[in-house]
Amino acid sequence: MTTSPAHVAPDAGASTLARELTPAVGAAAQIVRRNIARFADEYPDDTTHHNRYPLRPASGPFPEGANRDWTTGFVPGQQWLAWQLTGDEQFRAAAARHALDFERRQRAGEDLDTHDLGFLYTLACVAPWRLTGDQDARAAALAAADHLMGRFLEPAGIIQAWGDLDDPEQRGRTIIDSLMNMPLLSWAFEQTGEQRYADAVRRHTAQLAEHIVRADDSTFHTFHWDPVTGQPLRGTTAQGAGDDSCWARGQAWGIYGFALNFQATGSQELLVAAERCADYFLAHLPADHVAFWDLDFTDGDGQPRDSSAAAIAACGLHELARVEPDGARADAYAGAGVQILRALVAGYTPAAEGVDSDALLLHAVYSLPAGWGIDEGCLWGDYFYLEALARHTLADWKRYW
Ligand code: GLY
């Protein structure tokens, strides 16, 4: 085992919490290791099927196992985290090979017409640049950020989430998840000094803070603007229980995403939006602190959980607590994040359940309305669970976002 400057030593002062979480880190790293042996440089599907990740299915021109769609960056993301958590060089080598494939994907222009370039390239290429100074990865991430800017719509001042820019159903529509794609643009601004990146982040996030967060502090999954006039039109859902319900993962993206974008822009409204998302999320948790897939459901409703929403919220609450100026509030957010992480470790992992699985975290929902990945593991749930563990067990861990 070799270490490098990017490897962060486990907290030598070893807080009680860090010591408590050490077995969970070991179990998670073991699953990441096994998945490297199983998948090598290919990509698993978005979610498990009966607790096993199949290879990503063939689709259109893409063969089975190819690097396509929005979740493949979570594979190297987990490997970079596992490297930092263990110092095991096998993880760095695997993640670096994925960076090469993301550079290829960018050069080839494969499946890049989505706002999810932020999820993909932050973890696959910004992370290696941050951790190892990989200049080729940096160049690919900058090219991806430039491509993402092509989705910025005037006069609405938003980045269109899905679909072709000419698609009348999708033109003028964005989604709360997009908040996590903005750090790629903020990073590109830091790297290049080009103001257009910072302006896009500031305008897009201001629109979301004003319109995607409802008066009661819940959130819409998606929101539509008139593409011609730029006027805000209406909120809808794609993955929630209804247009007026509160999709749990969306609310969790709101906590983490607004907290990150507050730091990038300095805009107080984004801090307030993060607080409002957090307060609503925490007020709508069931007894065991792990959200049902839509926050309109609670204990006794017979609905599945979304452990991935819980993992994202655990990271988001930790991030929000770091920047929250009110000390009592900061403590409450930090404490709630730890409570959620403990609940995941104790009740939602293969070790806790005594089952064998390729997933680090069991019991997520991808899209209940679409019938995708219901009560299964998923790549992003695994990533954010490991990130939450890194946040609490590594001294001075720095986020990739
Ligand atoms: N970003 C897509 C999802 O959360 O399902």
# chains A, B, ... in the order shown; residues from 1 in each chain; ligands from 1
$ residues_around --residues "Ala127 of chain A" --least-positions-apart "3" --cutoff "10 Å" --atoms "only C-alpha atoms" --output "mmCIF file with C-alpha atoms, in the first residue's frame"
data_model
loop_
_atom_site.group_PDB
_atom_site.id
_atom_site.type_symbol
_atom_site.label_atom_id
_atom_site.label_comp_id
_atom_site.auth_asym_id
_atom_site.auth_seq_id
_atom_site.Cartn_x
_atom_site.Cartn_y
_atom_site.Cartn_z
ATOM 1 C CA PRO A 76 -14.519 6.810 -10.107
ATOM 2 C CA GLY A 77 -15.961 9.130 -7.449
ATOM 3 C CA TRP A 80 -11.168 8.395 -5.338
ATOM 4 C CA LEU A 81 -12.871 8.413 -1.944
ATOM 5 C CA ALA A 95 -10.118 5.845 -10.924
ATOM 6 C CA ALA A 99 -10.565 9.577 -16.063
ATOM 7 C CA TYR A 121 -17.022 15.587 -14.864
ATOM 8 C CA THR A 122 -16.726 16.884 -11.290
ATOM 9 C CA LEU A 123 -16.147 13.377 -9.981
ATOM 10 C CA ALA A 124 -14.412 11.811 -12.982
ATOM 11 C CA ARG A 130 -7.595 18.254 -7.379
ATOM 12 C CA LEU A 131 -6.010 15.091 -5.952
ATOM 13 C CA THR A 132 -3.186 14.327 -8.372
ATOM 14 C CA GLY A 133 -2.829 17.422 -10.564
ATOM 15 C CA ASP A 134 -3.917 15.477 -13.674
ATOM 16 C CA ALA A 137 -8.434 15.508 -16.708
ATOM 17 C CA ARG A 138 -8.458 19.260 -16.060
ATOM 18 C CA ALA A 141 -13.433 19.042 -17.297
ATOM 19 C CA ARG A 399 -14.870 18.125 -1.152
ATOM 20 C CA TYR A 400 -14.563 17.432 -4.887
ATOM 21 C CA TRP A 401 -17.561 19.679 -5.725
#
$ residues_near_ligand --ligand "ligand 1" --cutoff "7 Å" --atoms "only C-alpha atoms and all ligand atoms" --output "number ranges by chain"
A: 177, 249-250, 366-367
$ write_last_selection --atoms "N, CA and C atoms" --output "mmCIF file, in the first residue's frame"
data_model
loop_
_atom_site.group_PDB
_atom_site.id
_atom_site.type_symbol
_atom_site.label_atom_id
_atom_site.label_comp_id
_atom_site.auth_asym_id
_atom_site.auth_seq_id
_atom_site.Cartn_x
_atom_site.Cartn_y
_atom_site.Cartn_z
ATOM 1 N N ASP A 177 -32.015 19.034 -9.138
ATOM 2 C CA ASP A 177 -30.732 18.320 -9.182
ATOM 3 C C ASP A 177 -29.625 19.167 -9.806
ATOM 4 N N ARG A 249 -35.433 13.056 -2.730
ATOM 5 C CA ARG A 249 -34.065 13.271 -3.205
ATOM 6 C C ARG A 249 -33.885 14.705 -3.714
ATOM 7 N N GLY A 250 -34.941 15.248 -4.298
ATOM 8 C CA GLY A 250 -34.853 16.638 -4.743
ATOM 9 C C GLY A 250 -34.602 17.573 -3.569
ATOM 10 N N TYR A 366 -34.814 4.842 -7.403
ATOM 11 C CA TYR A 366 -34.421 5.746 -8.502
ATOM 12 C C TYR A 366 -35.655 6.545 -8.914
ATOM 13 N N SER A 367 -36.627 5.870 -9.549
ATOM 14 C CA SER A 367 -37.860 6.575 -9.924
ATOM 15 C C SER A 367 -39.034 5.641 -9.723
#
$ residues_around --residues "Val345 of chain A" --least-positions-apart "6" --cutoff "12 Å" --atoms "only C-alpha atoms" --output "PyMOL selection string"
chain A and resi 20-28+288-290+307+310-311+314+338-339+351-353+360-362+382+385-386+388-389
$ write_last_selection --atoms "C-alpha atoms" --output "PDB file, in the first residue's frame"
ATOM      1  CA  GLU A  20     -17.272   4.244  15.508  1.00  0.00           C
ATOM      2  CA  LEU A  21     -17.440   4.591  11.714  1.00  0.00           C
ATOM      3  CA  THR A  22     -14.167   2.796  10.951  1.00  0.00           C
ATOM      4  CA  PRO A  23     -15.752  -0.661  10.462  1.00  0.00           C
ATOM      5  CA  ALA A  24     -18.304   0.871   8.085  1.00  0.00           C
ATOM      6  CA  VAL A  25     -15.465   2.426   6.056  1.00  0.00           C
ATOM      7  CA  GLY A  26     -13.711  -0.942   5.887  1.00  0.00           C
ATOM      8  CA  ALA A  27     -16.858  -2.741   4.750  1.00  0.00           C
ATOM      9  CA  ALA A  28     -17.599  -0.100   2.104  1.00  0.00           C
ATOM     10  CA  ASP A 288     -35.547   6.079  11.947  1.00  0.00           C
ATOM     11  CA  HIS A 289     -34.361   9.307  10.183  1.00  0.00           C
ATOM     12  CA  VAL A 290     -34.162   7.720   6.700  1.00  0.00           C
ATOM     13  CA  SER A 307     -31.562   5.759   1.318  1.00  0.00           C
ATOM     14  CA  ALA A 310     -30.589  10.238   3.192  1.00  0.00           C
ATOM     15  CA  ALA A 311     -26.934   9.920   2.134  1.00  0.00           C
ATOM     16  CA  ALA A 314     -26.076  13.638   5.409  1.00  0.00           C
ATOM     17  CA  VAL A 338     -24.652  12.450  11.899  1.00  0.00           C
ATOM     18  CA  GLN A 339     -27.942  10.950  13.081  1.00  0.00           C
ATOM     19  CA  ALA A 351     -23.287  -5.649   6.795  1.00  0.00           C
ATOM     20  CA  ALA A 352     -26.205  -4.422   8.896  1.00  0.00           C
ATOM     21  CA  GLU A 353     -28.650  -6.682   7.091  1.00  0.00           C
ATOM     22  CA  LEU A 360     -22.632   0.005  -0.355  1.00  0.00           C
ATOM     23  CA  LEU A 361     -26.114   1.164   0.612  1.00  0.00           C
ATOM     24  CA  LEU A 362     -29.374  -0.781   0.249  1.00  0.00           C
ATOM     25  CA  ASP A 382     -23.159   4.494  -2.749  1.00  0.00           C
ATOM     26  CA  TYR A 385     -22.715   7.324   1.607  1.00  0.00           C
ATOM     27  CA  LEU A 386     -18.946   6.981   1.160  1.00  0.00           C
ATOM     28  CA  ALA A 388     -20.461  11.088   4.265  1.00  0.00           C
ATOM     29  CA  LEU A 389     -18.126   8.530   5.832  1.00  0.00           C
TER      30      LEU A 389
END
$ closest_residue --among "A:Ile374, A:Ile340, A:Ala273, A:Leu394" --to "Arg19 of chain A" --atoms "only C-alpha atoms"
A:Leu394
$ residues_around --residues "Met180 of chain A" --least-positions-apart "6" --cutoff "9 Å" --atoms "only C-alpha atoms" --output "PDB file with N, CA, C and O atoms, in the first residue's frame"
ATOM      1  N   ASP A 116     -26.237  17.104 -16.710  1.00  0.00           N
ATOM      2  CA  ASP A 116     -25.536  16.217 -15.777  1.00  0.00           C
ATOM      3  C   ASP A 116     -24.034  16.135 -16.024  1.00  0.00           C
ATOM      4  O   ASP A 116     -23.329  15.390 -15.318  1.00  0.00           O
ATOM      5  N   GLY A 118     -22.114  18.134 -14.994  1.00  0.00           N
ATOM      6  CA  GLY A 118     -21.530  18.542 -13.714  1.00  0.00           C
ATOM      7  C   GLY A 118     -21.290  17.343 -12.808  1.00  0.00           C
ATOM      8  O   GLY A 118     -20.197  17.165 -12.263  1.00  0.00           O
ATOM      9  N   PHE A 119     -22.315  16.505 -12.645  1.00  0.00           N
ATOM     10  CA  PHE A 119     -22.130  15.282 -11.855  1.00  0.00           C
ATOM     11  C   PHE A 119     -20.970  14.468 -12.436  1.00  0.00           C
ATOM     12  O   PHE A 119     -20.102  13.974 -11.709  1.00  0.00           O
ATOM     13  N   TRP A 253     -31.015  17.213  -2.665  1.00  0.00           N
ATOM     14  CA  TRP A 253     -30.164  17.972  -3.610  1.00  0.00           C
ATOM     15  C   TRP A 253     -30.215  19.452  -3.255  1.00  0.00           C
ATOM     16  O   TRP A 253     -29.211  20.163  -3.385  1.00  0.00           O
ATOM     17  N   GLY A 254     -31.382  19.926  -2.824  1.00  0.00           N
ATOM     18  CA  GLY A 254     -31.527  21.345  -2.464  1.00  0.00           C
ATOM     19  C   GLY A 254     -30.645  21.720  -1.284  1.00  0.00           C
ATOM     20  O   GLY A 254     -30.000  22.773  -1.283  1.00  0.00           O
ATOM     21  N   TYR A 256     -27.843  20.274  -0.170  1.00  0.00           N
ATOM     22  CA  TYR A 256     -26.412  20.233  -0.514  1.00  0.00           C
ATOM     23  C   TYR A 256     -26.105  21.285  -1.601  1.00  0.00           C
ATOM     24  O   TYR A 256     -25.145  22.059  -1.503  1.00  0.00           O
ATOM     25  N   GLY A 257     -26.952  21.311  -2.628  1.00  0.00           N
ATOM     26  CA  GLY A 257     -26.678  22.191  -3.768  1.00  0.00           C
ATOM     27  C   GLY A 257     -26.726  23.669  -3.398  1.00  0.00           C
ATOM     28  O   GLY A 257     -25.857  24.458  -3.806  1.00  0.00           O
ATOM     29  N   PHE A 258     -27.727  24.075  -2.641  1.00  0.00           N
ATOM     30  CA  PHE A 258     -27.776  25.501  -2.252  1.00  0.00           C
ATOM     31  C   PHE A 258     -26.605  25.843  -1.330  1.00  0.00           C
ATOM     32  O   PHE A 258     -26.044  26.943  -1.416  1.00  0.00           O
ATOM     33  N   LEU A 260     -23.604  24.559  -1.383  1.00  0.00           N
ATOM     34  CA  LEU A 260     -22.402  24.706  -2.220  1.00  0.00           C
ATOM     35  C   LEU A 260     -22.437  26.015  -3.013  1.00  0.00           C
ATOM     36  O   LEU A 260     -21.440  26.744  -3.098  1.00  0.00           O
ATOM     37  N   ASN A 261     -23.593  26.294  -3.609  1.00  0.00           N
ATOM     38  CA  ASN A 261     -23.677  27.480  -4.470  1.00  0.00           C
ATOM     39  C   ASN A 261     -23.668  28.780  -3.671  1.00  0.00           C
ATOM     40  O   ASN A 261     -23.251  29.823  -4.182  1.00  0.00           O
ATOM     41  N   TRP A 401     -16.575  18.825  -5.048  1.00  0.00           N
ATOM     42  CA  TRP A 401     -17.561  19.679  -5.725  1.00  0.00           C
ATOM     43  C   TRP A 401     -17.131  21.123  -5.733  1.00  0.00           C
ATOM     44  O   TRP A 401     -16.582  21.604  -4.770  1.00  0.00           O
TER      45      TRP A 401
END
$ closest_residue --among "A:Ala40, A:Leu148, A:Ala336, A:Leu341" --to "Ala188 of chain A" --atoms "only C-alpha atoms"
A:Leu148
$ residues_around --residues "Phe297 of chain A" --least-positions-apart "5" --cutoff "9 Å" --atoms "only C-alpha atoms" --output "list of chain:residue names"
A:His284, A:Pro286, A:Ala291, A:Phe292, A:Gly302, A:Gln303
$ closest_residue --among "A:Val201, A:Leu112, A:Leu120, A:Ala206" --to "Gly163 of chain A" --atoms "only C-alpha atoms"
A:Leu112
$ residues_around --residues "Phe262 of chain A" --least-positions-apart "5" --cutoff "6 Å" --atoms "only C-alpha atoms" --output "list in words"
Ser267, Leu270 and Leu271 of chain A
$ select_by_dssp --residues "segment 85-311 of chain A" --states "strand (DSSP E or B)" --output "MDAnalysis selection string"
chainID A and resid 152:153 158:159 173:175 213 219 222:225 232:236 247 292 294 305
$ select_by_dssp --residues "segment 51-176 of chain A" --states "helix (DSSP H, G or I)" --output "PyMOL selection string"
chain A and resi 74-86+89-108+117-132+135-149+176
$ residues_around --residues "Asp199 of chain A" --least-positions-apart "2" --cutoff "10 Å" --atoms "only C-alpha atoms" --output "list of chain:residue names"
A:Gly157, A:Leu185, A:Ser186, A:Phe189, A:Glu194, A:Gln195, A:Arg196, A:Tyr197, A:Val201, A:Arg202, A:Arg203, A:His204, A:Thr205, A:Thr265
$ atom_distance --atom1 "atom CA of Glu103 of chain A" --atom2 "atom CA of Gln160 of chain A"
23.4 Å
